[in-house]
Amino acid sequence: GEDVEQSLFLSVREGDSSVINCTYTDSSSTYLYWYKQEPGAGLQLLTYIFSNMDMKQDQRLTVLLNKKDKHLSLRIADTQTGDSAIYFCAEITGNQFYFGTGTSLTVIP
Amino acid sequence: DAGVTQSPTHLIKTRGQHVTLRCSPISGHKSVSWYQQVLGQGPQFIFQYYEKEERGRGNFPDRFSARQFPNYSSELNVNALLLGDSALYLCASSLGIYNEQFFGPGTRLTVL
């Protein structure tokens, strides 16, 4: 469960939707997480999804899980400049968290 | 409620020295995990402690050690520092071993 991959960069215009993708390898992962990291700061938990769910919506955030393809996505509706940050997906296998490489989201005003 | 706190916020050391980083978990959380985040990469798991016992260890050399105290705070120790140890060291706390983790702001370690 150590290989969690993400695309490195994403740019969107303010007000558009952002979709950040992640692939993971461990099908036994029970939970999958999305974290946000702003410059010089620690990680902020945004949302998580249990592995037996397909979708979870939380205000502007929508998480989609395709367990067959081991693909996770985070959609941010009405993206704002304050959403500019690095987004990490993470899977938990046993008691260990494995983080992706992070996607740097830039929101253009 | 206070979140996870870490000290110091920044630290500069030279090669060969040792360093101790400290973490206080969220009140009521009994598990603390440590991560190393090298610039431009995702966090890499170092240790997890629960009820003062080591419950998980990542792929790091024996120069890295940690412990958890009766009040659930934790220390990460790194001996014989190398340039490659320069990173942001993150501490995360959780209720138990398998619960979601809440991260502190990190300690930025620079090894010269």
# chains A, B, ... in the order shown; residues from 1 in each chain; ligands from 1
>>> closest_atom_pairs(of="chain B", to="chain A", cutoff="12 Å", atoms="only C-alpha atoms", output="CSV")
residue,atom,partner,partner_atom,distance
B:Gly3,CA,A:Gln44,CA,11.1
B:Val4,CA,A:Gly42,CA,10.0
B:Thr5,CA,A:Gly42,CA,10.6
B:Gln6,CA,A:Gly42,CA,10.4
B:Thr9,CA,A:Gly40,CA,10.4
B:His10,CA,A:Gly40,CA,11.0
B:Ser31,CA,A:Asn95,CA,10.7
B:Val32,CA,A:Asn95,CA,11.5
B:Ser33,CA,A:Gln96,CA,9.1
B:Trp34,CA,A:Phe97,CA,10.6
B:Tyr35,CA,A:Phe97,CA,9.6
B:Gln36,CA,A:Phe99,CA,11.2
B:Gln37,CA,A:Gly42,CA,10.0
B:Val38,CA,A:Thr101,CA,10.7
B:Leu39,CA,A:Gly40,CA,10.4
B:Gly40,CA,A:Thr101,CA,7.9
B:Gln41,CA,A:Thr101,CA,5.3
B:Gly42,CA,A:Thr101,CA,4.7
B:Pro43,CA,A:Phe99,CA,6.1
B:Gln44,CA,A:Phe99,CA,7.1
B:Phe45,CA,A:Phe97,CA,6.9
B:Ile46,CA,A:Gln96,CA,9.6
B:Phe47,CA,A:Gln96,CA,8.9
B:Gln48,CA,A:Gln96,CA,8.0
B:Tyr49,CA,A:Asn95,CA,10.4
B:Tyr50,CA,A:Asn95,CA,10.7
B:Glu54,CA,A:Asn95,CA,11.5
B:Arg55,CA,A:Asn95,CA,8.0
B:Gly56,CA,A:Gln96,CA,7.1
B:Arg57,CA,A:Gln96,CA,8.6
B:Gly58,CA,A:Gln96,CA,8.5
B:Asn59,CA,A:Glu2,CA,11.2
B:Ala87,CA,A:Gly40,CA,11.5
B:Leu88,CA,A:Gly42,CA,8.9
B:Tyr89,CA,A:Gly42,CA,9.3
B:Leu90,CA,A:Gly42,CA,7.0
B:Cys91,CA,A:Gly42,CA,8.9
B:Ala92,CA,A:Leu43,CA,9.1
B:Ser93,CA,A:Leu43,CA,11.9
B:Ser94,CA,A:Asn95,CA,11.1
B:Gly96,CA,A:Asn95,CA,9.4
B:Ile97,CA,A:Asn95,CA,5.8
B:Tyr98,CA,A:Asn95,CA,5.4
B:Asn99,CA,A:Asn95,CA,8.6
B:Glu100,CA,A:Tyr33,CA,8.4
B:Gln101,CA,A:Leu45,CA,7.9
B:Phe102,CA,A:Leu45,CA,6.8
B:Phe103,CA,A:Leu43,CA,5.6
B:Gly104,CA,A:Gly42,CA,5.7
B:Pro105,CA,A:Gly42,CA,4.0
B:Gly106,CA,A:Gly42,CA,5.8
B:Thr107,CA,A:Gly42,CA,9.3
B:Arg108,CA,A:Gly40,CA,8.9
>>> select_by_dssp(residues="chain A", states="strand (DSSP E or B)", output="PyMOL selection string")
chain A and resi 5-6+9-13+18-23+31-37+43-50+55-58+61-66+71-76+85-93+96-99+103-108
>>> residues_around(residues="Arg63 (chain B)", least_positions_apart="2", cutoff="12 Å", atoms="only C-alpha atoms", output="PyMOL selection string")
chain B and resi 16-20+46+59-61+65-66+76-82+85
>>> atom_distance(atom1="CA of Gln6 (chain A)", atom2="CA of Pro109 (chain A)")
24.3 Å
>>> closest_residue(among="B:Ser86, B:Ser73, B:Thr110, B:Gln68", to="Gly28 (chain B)", atoms="only C-alpha atoms")
B:Ser73
>>> residues_around(residues="Asn21 (chain A)", least_positions_apart="2", cutoff="8 Å", atoms="only C-alpha atoms", output="ChimeraX atom specification")
/A:6-7,19,23,71-74
>>> atom_distance(atom1="CA of Gln80 (chain A)", atom2="CA of Arg60 (chain A)")
10.6 Å
>>> residues_around(residues="Thr106 (chain A)", least_positions_apart="6", cutoff="12 Å", atoms="only C-alpha atoms", output="ChimeraX atom specification")
/A:8-14,16,18,20,38,79-87
>>> write_last_selection(atoms="C-alpha atoms", output="mmCIF file, in the first residue's frame")
data_model
loop_
_atom_site.group_PDB
_atom_site.id
_atom_site.type_symbol
_atom_site.label_atom_id
_atom_site.label_comp_id
_atom_site.auth_asym_id
_atom_site.auth_seq_id
_atom_site.Cartn_x
_atom_site.Cartn_y
_atom_site.Cartn_z
ATOM 1 C CA LEU A 8 1.709 17.274 -9.667
ATOM 2 C CA PHE A 9 0.023 20.463 -10.815
ATOM 3 C CA LEU A 10 -3.443 21.836 -11.561
ATOM 4 C CA SER A 11 -4.484 25.367 -12.506
ATOM 5 C CA VAL A 12 -8.075 26.556 -12.585
ATOM 6 C CA ARG A 13 -9.855 29.874 -12.853
ATOM 7 C CA GLU A 14 -11.656 31.269 -9.839
ATOM 8 C CA ASP A 16 -14.569 26.947 -11.876
ATOM 9 C CA SER A 18 -11.283 21.671 -9.658
ATOM 10 C CA ILE A 20 -7.800 16.372 -8.224
ATOM 11 C CA GLU A 38 -0.859 25.587 2.698
ATOM 12 C CA THR A 79 -12.929 27.172 -6.499
ATOM 13 C CA GLN A 80 -11.669 30.245 -4.659
ATOM 14 C CA THR A 81 -8.211 31.789 -4.390
ATOM 15 C CA GLY A 82 -8.067 30.546 -0.803
ATOM 16 C CA ASP A 83 -8.186 27.007 -2.149
ATOM 17 C CA SER A 84 -4.693 27.427 -3.610
ATOM 18 C CA ALA A 85 -2.599 24.848 -1.767
ATOM 19 C CA ILE A 86 -1.138 21.379 -2.100
ATOM 20 C CA TYR A 87 -3.649 18.549 -1.798
#
